[in-house]
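Coordinates from input-v8.cif are shown below (mmCIF, C-alpha atoms).
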data_run
#
loop_
_atom_site.group_PDB
_atom_site.id
_atom_site.type_symbol
_atom_site.label_atom_id
_atom_site.label_comp_id
_atom_site.auth_asym_id
_atom_site.auth_seq_id
_atom_site.Cartn_x
_atom_site.Cartn_y
_atom_site.Cartn_z
ATOM 1 C CA SER A 1 0.000 0.000 0.000
ATOM 2 C CA MET A 2 1.065 3.583 -0.635
ATOM 3 C CA ALA A 3 1.009 4.360 3.088
ATOM 4 C CA ALA A 4 3.482 1.573 3.719
ATOM 5 C CA LEU A 5 5.877 2.879 1.056
ATOM 6 C CA LEU A 6 5.735 6.383 2.482
ATOM 7 C CA ARG A 7 6.522 4.927 5.875
ATOM 8 C CA GLY A 8 9.887 3.710 4.595
ATOM 9 C CA SER A 9 10.941 2.617 8.025
ATOM 10 C CA ARG A 10 8.146 0.062 8.134
ATOM 11 C CA CYS A 11 7.624 -1.091 4.584
ATOM 12 C CA LEU A 12 9.162 -4.528 5.108
ATOM 13 C CA VAL A 13 7.631 -5.393 8.434
ATOM 14 C CA GLY A 14 5.321 -8.306 7.780
ATOM 15 C CA LYS A 15 4.538 -7.046 4.280
ATOM 16 C CA CYS A 16 6.931 -7.836 1.433
ATOM 17 C CA HIS A 17 7.734 -11.522 1.558
ATOM 18 C CA ASN A 18 9.778 -11.748 -1.621
ATOM 19 C CA HIS A 19 13.020 -10.206 -0.360
ATOM 20 C CA VAL A 20 16.082 -12.234 0.461
ATOM 21 C CA ASN A 21 15.997 -13.252 4.089
ATOM 22 C CA ALA A 22 19.232 -11.586 5.155
ATOM 23 C CA MET A 23 18.191 -8.277 3.703
ATOM 24 C CA GLN A 24 14.771 -8.535 5.296
ATOM 25 C CA VAL A 25 16.257 -9.217 8.718
ATOM 26 C CA SER A 26 18.688 -6.302 8.548
ATOM 27 C CA ILE A 27 16.016 -3.882 7.393
ATOM 28 C CA ARG A 28 13.596 -5.150 9.989
ATOM 29 C CA SER A 29 16.089 -4.564 12.791
ATOM 30 C CA MET A 30 16.672 -1.063 11.440
ATOM 31 C CA ALA A 31 12.937 -0.483 11.211
ATOM 32 C CA SER A 32 12.459 -1.488 14.812
ATOM 33 C CA LYS A 33 14.826 1.277 15.862
ATOM 34 C CA THR A 34 12.863 4.127 14.281
ATOM 35 C CA GLN A 35 11.215 6.497 16.704
ATOM 36 C CA VAL A 36 7.795 5.830 18.183
ATOM 37 C CA GLY A 37 5.610 8.635 19.536
ATOM 38 C CA PHE A 38 3.572 8.163 22.713
ATOM 39 C CA VAL A 39 0.916 10.592 23.960
ATOM 40 C CA GLY A 40 -0.698 10.066 27.376
ATOM 41 C CA LEU A 41 1.585 8.828 30.155
ATOM 42 C CA GLY A 42 -0.973 8.008 32.839
ATOM 43 C CA ASN A 43 -1.446 4.806 34.862
ATOM 44 C CA MET A 44 -1.564 2.755 31.650
ATOM 45 C CA GLY A 45 0.489 4.839 29.198
ATOM 46 C CA ASN A 46 3.514 5.088 31.467
ATOM 47 C CA PRO A 47 4.181 1.321 31.822
ATOM 48 C CA MET A 48 3.266 0.758 28.148
ATOM 49 C CA ALA A 49 5.799 3.327 26.943
ATOM 50 C CA LYS A 50 8.414 1.776 29.267
ATOM 51 C CA ASN A 51 7.947 -1.571 27.535
ATOM 52 C CA LEU A 52 8.558 0.055 24.142
ATOM 53 C CA ILE A 53 11.832 1.476 25.477
ATOM 54 C CA LYS A 54 12.709 -1.963 26.888
ATOM 55 C CA HIS A 55 12.266 -3.414 23.382
ATOM 56 C CA GLY A 56 14.740 -0.925 21.956
ATOM 57 C CA TYR A 57 12.397 1.704 20.497
ATOM 58 C CA PRO A 58 13.421 5.342 20.925
ATOM 59 C CA VAL A 59 10.298 6.933 22.431
ATOM 60 C CA ILE A 60 9.176 10.528 21.864
ATOM 61 C CA ALA A 61 6.472 11.372 24.379
ATOM 62 C CA SER A 62 4.100 14.088 25.493
ATOM 63 C CA ASP A 63 1.591 14.506 28.311
ATOM 64 C CA VAL A 64 -0.500 17.447 29.554
ATOM 65 C CA PHE A 65 1.021 16.915 33.013
ATOM 66 C CA PRO A 66 4.803 17.490 32.769
ATOM 67 C CA GLU A 67 5.419 15.543 35.990
ATOM 68 C CA SER A 68 4.048 12.397 34.298
ATOM 69 C CA CYS A 69 7.008 12.561 31.897
ATOM 70 C CA LYS A 70 9.896 12.643 34.402
ATOM 71 C CA GLU A 71 10.249 8.887 34.835
ATOM 72 C CA LEU A 72 10.316 8.191 31.100
ATOM 73 C CA GLN A 73 12.732 11.016 30.483
ATOM 74 C CA GLU A 74 15.120 9.371 32.944
ATOM 75 C CA LEU A 75 14.821 6.154 30.912
ATOM 76 C CA GLY A 76 15.894 8.023 27.784
ATOM 77 C CA ALA A 77 12.623 9.131 26.227
ATOM 78 C CA GLN A 78 12.543 12.513 24.503
ATOM 79 C CA ILE A 79 9.763 14.696 25.974
ATOM 80 C CA LEU A 80 8.024 17.269 23.773
ATOM 81 C CA ASP A 81 5.459 19.981 24.560
ATOM 82 C CA SER A 82 2.514 18.859 22.447
ATOM 83 C CA PRO A 83 1.029 15.977 20.439
ATOM 84 C CA ALA A 84 1.674 18.066 17.274
ATOM 85 C CA ASP A 85 5.405 18.157 18.103
ATOM 86 C CA VAL A 86 5.384 14.374 18.526
ATOM 87 C CA ALA A 87 3.722 13.953 15.112
ATOM 88 C CA ASP A 88 6.386 16.185 13.591
ATOM 89 C CA LYS A 89 9.121 13.792 14.779
ATOM 90 C CA ALA A 90 7.585 10.283 14.626
ATOM 91 C CA ASP A 91 5.536 8.492 11.974
ATOM 92 C CA ARG A 92 4.239 5.842 14.358
ATOM 93 C CA ILE A 93 2.290 7.178 17.355
ATOM 94 C CA ILE A 94 0.407 5.482 20.175
ATOM 95 C CA THR A 95 -2.125 7.394 22.278
ATOM 96 C CA MET A 96 -3.510 6.309 25.668
ATOM 97 C CA LEU A 97 -6.035 8.797 27.040
ATOM 98 C CA PRO A 98 -8.874 8.822 29.588
ATOM 99 C CA SER A 99 -11.931 9.538 27.410
ATOM 100 C CA SER A 100 -13.450 10.605 24.071
ATOM 101 C CA PRO A 101 -13.001 14.399 24.562
ATOM 102 C CA ASN A 102 -9.281 13.903 25.325
ATOM 103 C CA VAL A 103 -8.851 11.849 22.161
ATOM 104 C CA ILE A 104 -10.641 14.455 20.018
ATOM 105 C CA ASP A 105 -8.400 17.163 21.496
ATOM 106 C CA VAL A 106 -5.123 15.226 21.143
ATOM 107 C CA TYR A 107 -5.848 14.418 17.488
ATOM 108 C CA THR A 108 -7.832 17.387 16.165
ATOM 109 C CA GLY A 109 -7.130 20.184 18.686
ATOM 110 C CA PRO A 110 -4.986 23.289 17.993
ATOM 111 C CA ASN A 111 -1.842 21.422 19.137
ATOM 112 C CA GLY A 112 -3.119 18.040 17.990
ATOM 113 C CA ILE A 113 -1.395 15.227 16.119
ATOM 114 C CA LEU A 114 -3.240 15.996 12.873
ATOM 115 C CA LYS A 115 -1.784 19.528 12.784
ATOM 116 C CA LYS A 116 1.649 18.137 11.902
ATOM 117 C CA VAL A 117 1.062 14.489 10.964
ATOM 118 C CA LYS A 118 3.276 13.107 8.191
ATOM 119 C CA LYS A 119 1.749 11.324 5.199
ATOM 120 C CA GLY A 120 1.786 7.583 5.731
ATOM 121 C CA SER A 121 1.922 7.817 9.530
ATOM 122 C CA LEU A 122 0.396 5.046 11.629
ATOM 123 C CA LEU A 123 -1.718 6.340 14.530
ATOM 124 C CA ILE A 124 -2.832 3.798 17.139
ATOM 125 C CA ASP A 125 -5.276 4.836 19.861
ATOM 126 C CA SER A 126 -5.429 2.519 22.887
ATOM 127 C CA SER A 127 -7.913 4.660 24.845
ATOM 128 C CA THR A 128 -11.346 3.179 25.590
ATOM 129 C CA ILE A 129 -13.797 5.552 23.893
ATOM 130 C CA ASP A 130 -16.996 5.701 21.849
ATOM 131 C CA PRO A 131 -16.423 3.732 18.599
ATOM 132 C CA ALA A 132 -18.097 6.581 16.661
ATOM 133 C CA VAL A 133 -15.275 8.890 17.790
ATOM 134 C CA SER A 134 -12.686 6.332 16.612
ATOM 135 C CA LYS A 135 -14.369 6.357 13.201
ATOM 136 C CA ASP A 136 -14.336 10.180 13.085
ATOM 137 C CA MET A 137 -10.614 10.236 13.922
ATOM 138 C CA ALA A 138 -9.923 7.673 11.192
ATOM 139 C CA VAL A 139 -11.718 9.811 8.597
ATOM 140 C CA ALA A 140 -9.814 12.937 9.691
ATOM 141 C CA ALA A 141 -6.483 11.073 9.583
ATOM 142 C CA GLU A 142 -7.233 9.555 6.170
ATOM 143 C CA LYS A 143 -7.795 13.028 4.678
ATOM 144 C CA LEU A 144 -4.177 13.802 5.607
ATOM 145 C CA GLY A 145 -2.833 10.516 4.241
ATOM 146 C CA ALA A 146 -2.384 8.881 7.653
ATOM 147 C CA VAL A 147 -3.806 5.633 9.029
ATOM 148 C CA PHE A 148 -5.733 5.581 12.335
ATOM 149 C CA MET A 149 -6.479 2.349 14.209
ATOM 150 C CA ASP A 150 -8.315 1.799 17.499
ATOM 151 C CA ALA A 151 -6.601 -0.672 19.822
ATOM 152 C CA PRO A 152 -8.168 -0.586 23.302
ATOM 153 C CA VAL A 153 -6.768 -2.932 25.930
ATOM 154 C CA SER A 154 -7.875 -5.277 28.643
ATOM 155 C CA GLY A 155 -5.696 -6.347 31.559
ATOM 156 C CA GLY A 156 -5.248 -3.160 33.591
ATOM 157 C CA VAL A 157 -2.125 -1.663 35.153
ATOM 158 C CA GLY A 158 -0.656 -5.039 36.192
ATOM 159 C CA ALA A 159 -0.747 -6.402 32.649
ATOM 160 C CA ALA A 160 0.506 -3.065 31.278
ATOM 161 C CA THR A 161 3.547 -3.312 33.551
ATOM 162 C CA SER A 162 4.319 -6.952 32.752
ATOM 163 C CA GLY A 163 3.651 -6.479 29.017
ATOM 164 C CA LYS A 164 0.733 -8.936 29.074
ATOM 165 C CA LEU A 165 -2.112 -6.723 27.830
ATOM 166 C CA THR A 166 -4.683 -7.886 25.302
ATOM 167 C CA PHE A 167 -5.141 -5.450 22.391
ATOM 168 C CA MET A 168 -8.383 -5.455 20.395
ATOM 169 C CA VAL A 169 -7.564 -3.789 17.078
ATOM 170 C CA GLY A 170 -9.857 -2.111 14.544
ATOM 171 C CA GLY A 171 -8.702 -0.631 11.238
ATOM 172 C CA PRO A 172 -7.509 -1.506 7.723
ATOM 173 C CA GLU A 173 -6.459 -5.168 7.698
ATOM 174 C CA GLU A 174 -3.409 -4.478 5.532
ATOM 175 C CA GLU A 175 -2.024 -2.271 8.327
ATOM 176 C CA PHE A 176 -2.586 -4.827 11.101
ATOM 177 C CA ASN A 177 0.900 -6.376 10.953
ATOM 178 C CA ALA A 178 2.512 -2.959 11.194
ATOM 179 C CA ALA A 179 0.430 -2.201 14.304
ATOM 180 C CA LYS A 180 1.070 -5.655 15.749
ATOM 181 C CA GLU A 181 4.845 -5.142 15.585
ATOM 182 C CA LEU A 182 4.532 -2.341 18.163
ATOM 183 C CA LEU A 183 1.626 -3.704 20.191
ATOM 184 C CA SER A 184 3.359 -7.068 20.702
ATOM 185 C CA CYS A 185 6.015 -5.252 22.770
ATOM 186 C CA MET A 186 3.306 -4.228 25.227
ATOM 187 C CA GLY A 187 0.874 -7.122 25.098
ATOM 188 C CA ALA A 188 0.581 -10.907 25.038
ATOM 189 C CA ASN A 189 -2.470 -10.964 22.742
ATOM 190 C CA VAL A 190 -3.088 -8.719 19.739
ATOM 191 C CA VAL A 191 -6.412 -9.540 18.070
ATOM 192 C CA TYR A 192 -7.681 -8.099 14.786
ATOM 193 C CA CYS A 193 -11.393 -7.293 15.194
ATOM 194 C CA GLY A 194 -12.347 -5.674 11.858
ATOM 195 C CA GLN A 195 -12.753 -2.110 10.638
ATOM 196 C CA VAL A 196 -12.121 0.995 12.769
ATOM 197 C CA GLY A 197 -14.307 1.019 15.893
ATOM 198 C CA THR A 198 -14.600 -2.755 16.223
ATOM 199 C CA GLY A 199 -11.770 -2.875 18.757
ATOM 200 C CA GLN A 200 -13.765 -0.502 20.968
ATOM 201 C CA ALA A 201 -16.923 -2.540 20.362
ATOM 202 C CA ALA A 202 -15.250 -5.773 21.528
ATOM 203 C CA LYS A 203 -13.870 -4.113 24.666
ATOM 204 C CA ILE A 204 -17.175 -2.445 25.591
ATOM 205 C CA CYS A 205 -19.164 -5.665 25.091
ATOM 206 C CA ASN A 206 -16.732 -7.694 27.224
ATOM 207 C CA ASN A 207 -16.836 -5.217 30.075
ATOM 208 C CA MET A 208 -20.631 -5.022 30.041
ATOM 209 C CA LEU A 209 -20.795 -8.799 30.485
ATOM 210 C CA LEU A 210 -18.058 -8.656 33.128
ATOM 211 C CA ALA A 211 -20.037 -6.131 35.196
ATOM 212 C CA ILE A 212 -23.282 -8.106 34.907
ATOM 213 C CA GLY A 213 -21.435 -11.311 35.896
ATOM 214 C CA MET A 214 -19.738 -9.647 38.867
ATOM 215 C CA ILE A 215 -22.995 -8.231 40.235
ATOM 216 C CA GLY A 216 -24.660 -11.627 39.777
ATOM 217 C CA THR A 217 -21.807 -13.386 41.566
ATOM 218 C CA ALA A 218 -21.901 -10.894 44.438
ATOM 219 C CA GLU A 219 -25.687 -11.272 44.882
ATOM 220 C CA THR A 220 -25.445 -15.052 44.724
ATOM 221 C CA MET A 221 -22.597 -15.304 47.219
ATOM 222 C CA ASN A 222 -24.380 -12.940 49.595
ATOM 223 C CA LEU A 223 -27.637 -14.898 49.425
ATOM 224 C CA GLY A 224 -25.838 -18.212 49.992
ATOM 225 C CA ILE A 225 -23.969 -16.826 52.987
ATOM 226 C CA ARG A 226 -27.284 -15.549 54.455
ATOM 227 C CA LEU A 227 -28.699 -19.039 53.971
ATOM 228 C CA GLY A 228 -25.896 -20.492 56.078
ATOM 229 C CA LEU A 229 -23.513 -21.741 53.384
ATOM 230 C CA ASP A 230 -19.759 -21.435 53.875
ATOM 231 C CA PRO A 231 -18.546 -18.968 51.192
ATOM 232 C CA LYS A 232 -15.601 -21.159 50.122
ATOM 233 C CA LEU A 233 -17.861 -24.193 49.789
ATOM 234 C CA LEU A 234 -20.453 -22.204 47.837
ATOM 235 C CA ALA A 235 -17.770 -20.890 45.470
ATOM 236 C CA LYS A 236 -16.496 -24.447 44.973
ATOM 237 C CA ILE A 237 -20.003 -25.701 44.105
ATOM 238 C CA LEU A 238 -20.699 -22.785 41.724
ATOM 239 C CA ASN A 239 -17.369 -23.400 40.003
ATOM 240 C CA MET A 240 -18.171 -27.055 39.293
ATOM 241 C CA SER A 241 -21.715 -26.167 38.205
ATOM 242 C CA SER A 242 -23.412 -24.236 35.424
ATOM 243 C CA GLY A 243 -23.362 -20.938 37.341
ATOM 244 C CA ARG A 244 -19.562 -20.755 37.051
ATOM 245 C CA CYS A 245 -18.111 -17.556 35.551
ATOM 246 C CA TRP A 246 -14.852 -15.590 35.629
ATOM 247 C CA SER A 247 -16.042 -13.535 38.594
ATOM 248 C CA SER A 248 -16.785 -16.684 40.609
ATOM 249 C CA ASP A 249 -13.705 -18.762 39.733
ATOM 250 C CA THR A 250 -10.912 -16.246 39.049
ATOM 251 C CA TYR A 251 -11.879 -12.982 40.763
ATOM 252 C CA ASN A 252 -14.261 -13.900 43.567
ATOM 253 C CA PRO A 253 -15.695 -10.784 45.252
ATOM 254 C CA VAL A 254 -16.024 -12.315 48.754
ATOM 255 C CA PRO A 255 -13.117 -11.614 51.127
ATOM 256 C CA GLY A 256 -11.350 -14.805 52.205
ATOM 257 C CA VAL A 257 -12.550 -17.015 49.351
ATOM 258 C CA MET A 258 -9.490 -16.490 47.136
ATOM 259 C CA GLU A 259 -5.943 -15.207 47.580
ATOM 260 C CA GLY A 260 -4.231 -12.676 45.338
ATOM 261 C CA VAL A 261 -7.404 -10.852 44.284
ATOM 262 C CA PRO A 262 -8.629 -7.385 45.350
ATOM 263 C CA SER A 263 -11.307 -8.829 47.671
ATOM 264 C CA ALA A 264 -8.437 -10.322 49.718
ATOM 265 C CA ASN A 265 -6.853 -6.875 50.015
ATOM 266 C CA ASN A 266 -9.744 -4.612 51.022
ATOM 267 C CA TYR A 267 -10.646 -4.170 47.317
ATOM 268 C CA GLN A 268 -7.455 -2.233 46.567
ATOM 269 C CA GLY A 269 -5.855 -2.347 43.116
ATOM 270 C CA GLY A 270 -7.508 -4.223 40.274
ATOM 271 C CA PHE A 271 -10.030 -2.528 37.990
ATOM 272 C CA GLY A 272 -11.526 0.548 39.647
ATOM 273 C CA THR A 273 -15.260 1.116 40.050
ATOM 274 C CA THR A 274 -14.905 4.516 38.301
ATOM 275 C CA LEU A 275 -13.445 2.848 35.209
ATOM 276 C CA MET A 276 -16.157 0.200 35.158
ATOM 277 C CA ALA A 277 -18.824 2.927 35.435
ATOM 278 C CA LYS A 278 -17.155 4.731 32.497
ATOM 279 C CA ASP A 279 -17.124 1.611 30.283
ATOM 280 C CA LEU A 280 -20.747 0.832 31.166
ATOM 281 C CA GLY A 281 -21.597 4.430 30.216
ATOM 282 C CA LEU A 282 -20.087 3.749 26.786
ATOM 283 C CA ALA A 283 -22.050 0.497 26.526
ATOM 284 C CA GLN A 284 -25.252 2.389 27.389
ATOM 285 C CA TYR A 285 -24.488 5.156 24.893
ATOM 286 C CA THR A 286 -23.704 2.780 22.031
ATOM 287 C CA ALA A 287 -26.780 0.682 22.877
ATOM 288 C CA THR A 288 -28.982 3.779 22.730
ATOM 289 C CA ASN A 289 -27.447 4.841 19.403
ATOM 290 C CA THR A 290 -27.998 1.419 17.842
ATOM 291 C CA LYS A 291 -31.453 0.980 19.452
ATOM 292 C CA THR A 292 -30.232 -2.171 21.195
ATOM 293 C CA PRO A 293 -32.022 -3.232 24.402
ATOM 294 C CA VAL A 294 -29.528 -3.867 27.243
ATOM 295 C CA PRO A 295 -31.694 -4.019 30.387
ATOM 296 C CA LEU A 296 -29.070 -5.698 32.593
ATOM 297 C CA GLY A 297 -26.248 -3.601 31.129
ATOM 298 C CA SER A 298 -28.226 -0.453 31.957
ATOM 299 C CA LEU A 299 -28.906 -1.617 35.496
ATOM 300 C CA ALA A 300 -25.236 -2.523 35.989
ATOM 301 C CA HIS A 301 -24.335 0.997 34.803
ATOM 302 C CA GLN A 302 -26.620 2.580 37.405
ATOM 303 C CA ILE A 303 -25.339 0.313 40.200
ATOM 304 C CA TYR A 304 -21.709 1.233 39.465
ATOM 305 C CA ARG A 305 -22.594 4.931 39.196
ATOM 306 C CA MET A 306 -24.300 4.722 42.576
ATOM 307 C CA MET A 307 -21.213 3.035 44.043
ATOM 308 C CA CYS A 308 -19.045 5.897 42.748
ATOM 309 C CA ALA A 309 -21.269 8.331 44.649
ATOM 310 C CA ARG A 310 -21.087 6.246 47.832
ATOM 311 C CA GLY A 311 -17.343 6.068 48.413
ATOM 312 C CA TYR A 312 -16.444 3.048 46.262
ATOM 313 C CA ALA A 313 -15.006 5.059 43.341
ATOM 314 C CA SER A 314 -11.370 4.067 43.879
ATOM 315 C CA LYS A 315 -12.074 0.503 45.044
ATOM 316 C CA ASP A 316 -11.971 -2.484 42.698
ATOM 317 C CA PHE A 317 -15.264 -3.191 40.905
ATOM 318 C CA SER A 318 -15.693 -6.463 42.856
ATOM 319 C CA SER A 319 -16.488 -4.261 45.891
ATOM 320 C CA VAL A 320 -20.097 -4.427 44.665
ATOM 321 C CA PHE A 321 -20.289 -7.342 47.139
ATOM 322 C CA GLN A 322 -19.550 -4.941 50.008
ATOM 323 C CA PHE A 323 -21.980 -2.400 48.555
ATOM 324 C CA LEU A 324 -24.835 -4.952 48.450
ATOM 325 C CA ARG A 325 -24.301 -5.913 52.076
ATOM 326 C CA GLU A 326 -24.249 -2.276 53.115
ATOM 327 C CA GLU A 327 -27.532 -1.746 51.225
ATOM 328 C CA GLU A 328 -29.071 -4.469 53.363
ATOM 329 C CA GLY A 329 -28.177 -2.585 56.542
ATOM 330 C CA GLN A 330 -25.285 -4.783 57.629
#

Structure re-expressed in structure tokens:
Amino acid sequence: SMAALLRGSRCLVGKCHNHVNAMQVSIRSMASKTQVGFVGLGNMGNPMAKNLIKHGYPVIASDVFPESCKELQELGAQILDSPADVADKADRIITMLPSSPNVIDVYTGPNGILKKVKKGSLLIDSSTIDPAVSKDMAVAAEKLGAVFMDAPVSGGVGAATSGKLTFMVGGPEEEFNAAKELLSCMGANVVYCGQVGTGQAAKICNNMLLAIGMIGTAETMNLGIRLGLDPKLLAKILNMSSGRCWSSDTYNPVPGVMEGVPSANNYQGGFGTTLMAKDLGLAQYTATNTKTPVPLGSLAHQIYRMMCARGYASKDFSSVFQFLREEEGQ
């Protein structure tokens, strides 16, 4: 593709198979050393960018909060003032931002990436946002000869640190290998989902089911305990029966049932209630836009919003178990 040729540094990565092996290897190792831009060095972006540096990529980064950049600068990253400056220097850029408005600003704002983007650039957004916004960004990028792909993640801060994230990627299929080369440095699974926006769709759908399953597990465990069942025994029975789910067998919300999960540590760490409420908000919004009934998804959204207002905002989303018991006056 023309974009690949313009991006000389990447043209041979996973694309042209008819070159002599030795030449391909040498060019590929050169390609891997070309600069990668990174915008958004928060809880997720910071460890992700570190893994790129670990894999030998020179990183050029930017964040609205200068203090977020210090650690990466010490590791050798070049820090610039704005996303536009990053786009001026790098033709492969990854963005990791909190929400849709941030993404719109970082790409299309007065100091945004698209102000100075080079033709043929590859732009990968790993934020979790409305898929319609991903599509808008892709159209805007395409007008300037650049390629935009959405690649939201699952796995949280722990997986970001250990390089074990799962990336769900939407965009032109012929660009997937080019994206995968970078994403594989930060994740264990990189899955192509379809056209732009489908990565977001996969992530939003998974998290809606996760929330519904967690609330169901918490209600079930609470009822069983009230009926005199030992929580560990109940979990064991659920997990050998048809009620088994990830929340019951891998991430049980009841303190003392499992080790190494947030419920064993006063619901600290893990996947915060605020983030779950945000993702359920996206599920609700997309469901409304597509006229799709999601009665349990909507209820889960309201429950997590209520928890945010009641002091659970920074606790792991499995703290819904605690919330339910509090509701019952215990």

Query - Given all atoms listed in the file as the counted atoms, nearest of A:Ser263, A:Ile212, A:Ala84, A:Pro152 to A:Pro295 - result: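 Comparing A:Ser263, A:Ile212, A:Ala84, A:Pro152 against A:Pro295, the winner is A:Ile212.
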
Which residues of stretch 104-219 of chain A come within 12 Å of stretch 297-315 of chain A, and what is each one's closest atom pair and distance in Å (one decimal), counting only C-alpha atoms, sorted by chain and residue number, as JSON lines?
{"residue": "A:Ile204", "atom": "CA", "partner": "A:Gly297", "partner_atom": "CA", "distance": 10.7}
{"residue": "A:Cys205", "atom": "CA", "partner": "A:Gly297", "partner_atom": "CA", "distance": 9.5}
{"residue": "A:Asn206", "atom": "CA", "partner": "A:Gly297", "partner_atom": "CA", "distance": 11.1}
{"residue": "A:Asn207", "atom": "CA", "partner": "A:Gly297", "partner_atom": "CA", "distance": 9.6}
{"residue": "A:Met208", "atom": "CA", "partner": "A:Gly297", "partner_atom": "CA", "distance": 5.9}
{"residue": "A:Leu209", "atom": "CA", "partner": "A:Gly297", "partner_atom": "CA", "distance": 7.6}
{"residue": "A:Leu210", "atom": "CA", "partner": "A:Gly297", "partner_atom": "CA", "distance": 9.8}
{"residue": "A:Ala211", "atom": "CA", "partner": "A:Ala300", "partner_atom": "CA", "distance": 6.4}
{"residue": "A:Ile212", "atom": "CA", "partner": "A:Ala300", "partner_atom": "CA", "distance": 6.0}
{"residue": "A:Gly213", "atom": "CA", "partner": "A:Ala300", "partner_atom": "CA", "distance": 9.6}
{"residue": "A:Met214", "atom": "CA", "partner": "A:Ala300", "partner_atom": "CA", "distance": 9.4}
{"residue": "A:Ile215", "atom": "CA", "partner": "A:Ala300", "partner_atom": "CA", "distance": 7.5}
{"residue": "A:Gly216", "atom": "CA", "partner": "A:Ala300", "partner_atom": "CA", "distance": 9.9}

Can I get the residues of stretch 131-167 of chain A within 7 Å of stretch 48-60 of chain A, each with the closest pair of atoms and their distance in Å to one decimal, using all atoms listed in the file, sorted chain first then ascending number, as a tab-separated table?
residue	atom	partner	partner_atom	distance
A:Ala160	CA	A:Met48	CA	5.7
A:Thr161	CA	A:Met48	CA	6.8
A:Gly163	CA	A:Asn51	CA	6.7

Requested in this report: Run the PyMOL selection byres ((chain A and resi 111) around 7) mentally over the shown coordinates, then write out the matched residues as a VMD selection string, using the chain letters and numbers from the document.
Outcome: chain A and resid 82 to 84 109 to 110 112 to 113 115

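Of the residues listed (A:Val117, A:Val320, A:Met168, A:Ala146), A:Met168 shows the shortest atom-to-atom separation from A:Gly197; distances use only C-alpha atoms.
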
Requested in this report: Give me the residues within 8 Å of stretch 63-74 of chain A as a VMD selection string, counting only C-alpha atoms and dropping any in the same chain fewer than 2 places off.
Outcome: chain A and resid 39 to 42 46 49 to 50 61 76 to 79 81 to 82

Requested in this report: State, in Å with one decimal place, the distance from atom CA of A:Gly269 to atom CA of A:Val157.
Outcome: 8.8 Å

Query raised in the report: Can you list, as a count of residues only, the residues that the PyMOL selection byres ((chain A and resi 190) around 7) selects here?
Result: 11

Query raised in the report: What separation in Å, quoted to one decimal, exists between atom CA of A:Val86 and atom CA of A:Gly37?
Result: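 So the answer is 5.8 Å.
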
Query raised in the report: Taking all atoms listed in the file into account, which of A:Leu282, A:Val153, A:Val169, A:Val196 comes nearest A:Val139?
Result: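 That would be A:Val196, the residue with the smallest distance to A:Val139.
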
Query raised in the report: A:Gly243, A:Gly171, A:Gly155, A:Pro231: which is nearest A:Lys203, counting all atoms listed in the file?
Result: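 Between A:Gly243, A:Gly171, A:Gly155, A:Pro231, the residue approaching A:Lys203 most closely is A:Gly155.
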
Query - Shell of 9 Å around A:Cys245, only C-alpha atoms, local chain residues under 3 positions omitted, as a VMD selection string - result: chain A and resid 213 to 214 217 238 to 239 242 248 to 250

Report task. Return the single residue from A:Ile104, A:Leu123, A:Met221, A:Val147 that is closest to A:Gln322, with distances computed using all atoms listed in the file. Result ->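 Looking at the shortest contact to A:Gln322, the residue is A:Met221.
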
Take every atom of stretch 269-280 of chain A listed in the file, pad by 8 Å on each side, and give me the axis-aligned box centre and edge lengths in Å, one decimal, as AutoDock Vina command-line options.
--center_x -13.3 --center_y 0.3 --center_z 36.7 --size_x 30.9 --size_y 25.0 --size_z 28.8

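Going from atom CA of A:Met137 to atom CA of A:Tyr107 covers 7.3 Å.
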
Requested in this report: Find, counting all atoms listed in the file, the residue in A:Val103, A:Leu122, A:Leu75, A:Phe321 that gets nearest to A:Leu223.
Outcome: A:Phe321

What would the selection look like, as a PDB file with C-alpha atoms, in the coordinates of the input, if the PyMOL selection byres ((chain A and resi 125) around 9) were run on the coordinates I just shared?
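Output contents, as saved in result05.pdb:
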ATOM      1  CA  ILE A  93       2.290   7.178  17.355  1.00  0.00           C
ATOM      2  CA  ILE A  94       0.407   5.482  20.175  1.00  0.00           C
ATOM      3  CA  THR A  95      -2.125   7.394  22.278  1.00  0.00           C
ATOM      4  CA  MET A  96      -3.510   6.309  25.668  1.00  0.00           C
ATOM      5  CA  LEU A  97      -6.035   8.797  27.040  1.00  0.00           C
ATOM      6  CA  VAL A 103      -8.851  11.849  22.161  1.00  0.00           C
ATOM      7  CA  LEU A 123      -1.718   6.340  14.530  1.00  0.00           C
ATOM      8  CA  ILE A 124      -2.832   3.798  17.139  1.00  0.00           C
ATOM      9  CA  SER A 126      -5.429   2.519  22.887  1.00  0.00           C
ATOM     10  CA  SER A 127      -7.913   4.660  24.845  1.00  0.00           C
ATOM     11  CA  THR A 128     -11.346   3.179  25.590  1.00  0.00           C
ATOM     12  CA  SER A 134     -12.686   6.332  16.612  1.00  0.00           C
ATOM     13  CA  PHE A 148      -5.733   5.581  12.335  1.00  0.00           C
ATOM     14  CA  MET A 149      -6.479   2.349  14.209  1.00  0.00           C
ATOM     15  CA  ASP A 150      -8.315   1.799  17.499  1.00  0.00           C
ATOM     16  CA  ALA A 151      -6.601  -0.672  19.822  1.00  0.00           C
ATOM     17  CA  PRO A 152      -8.168  -0.586  23.302  1.00  0.00           C
TER      18      PRO A 152
END
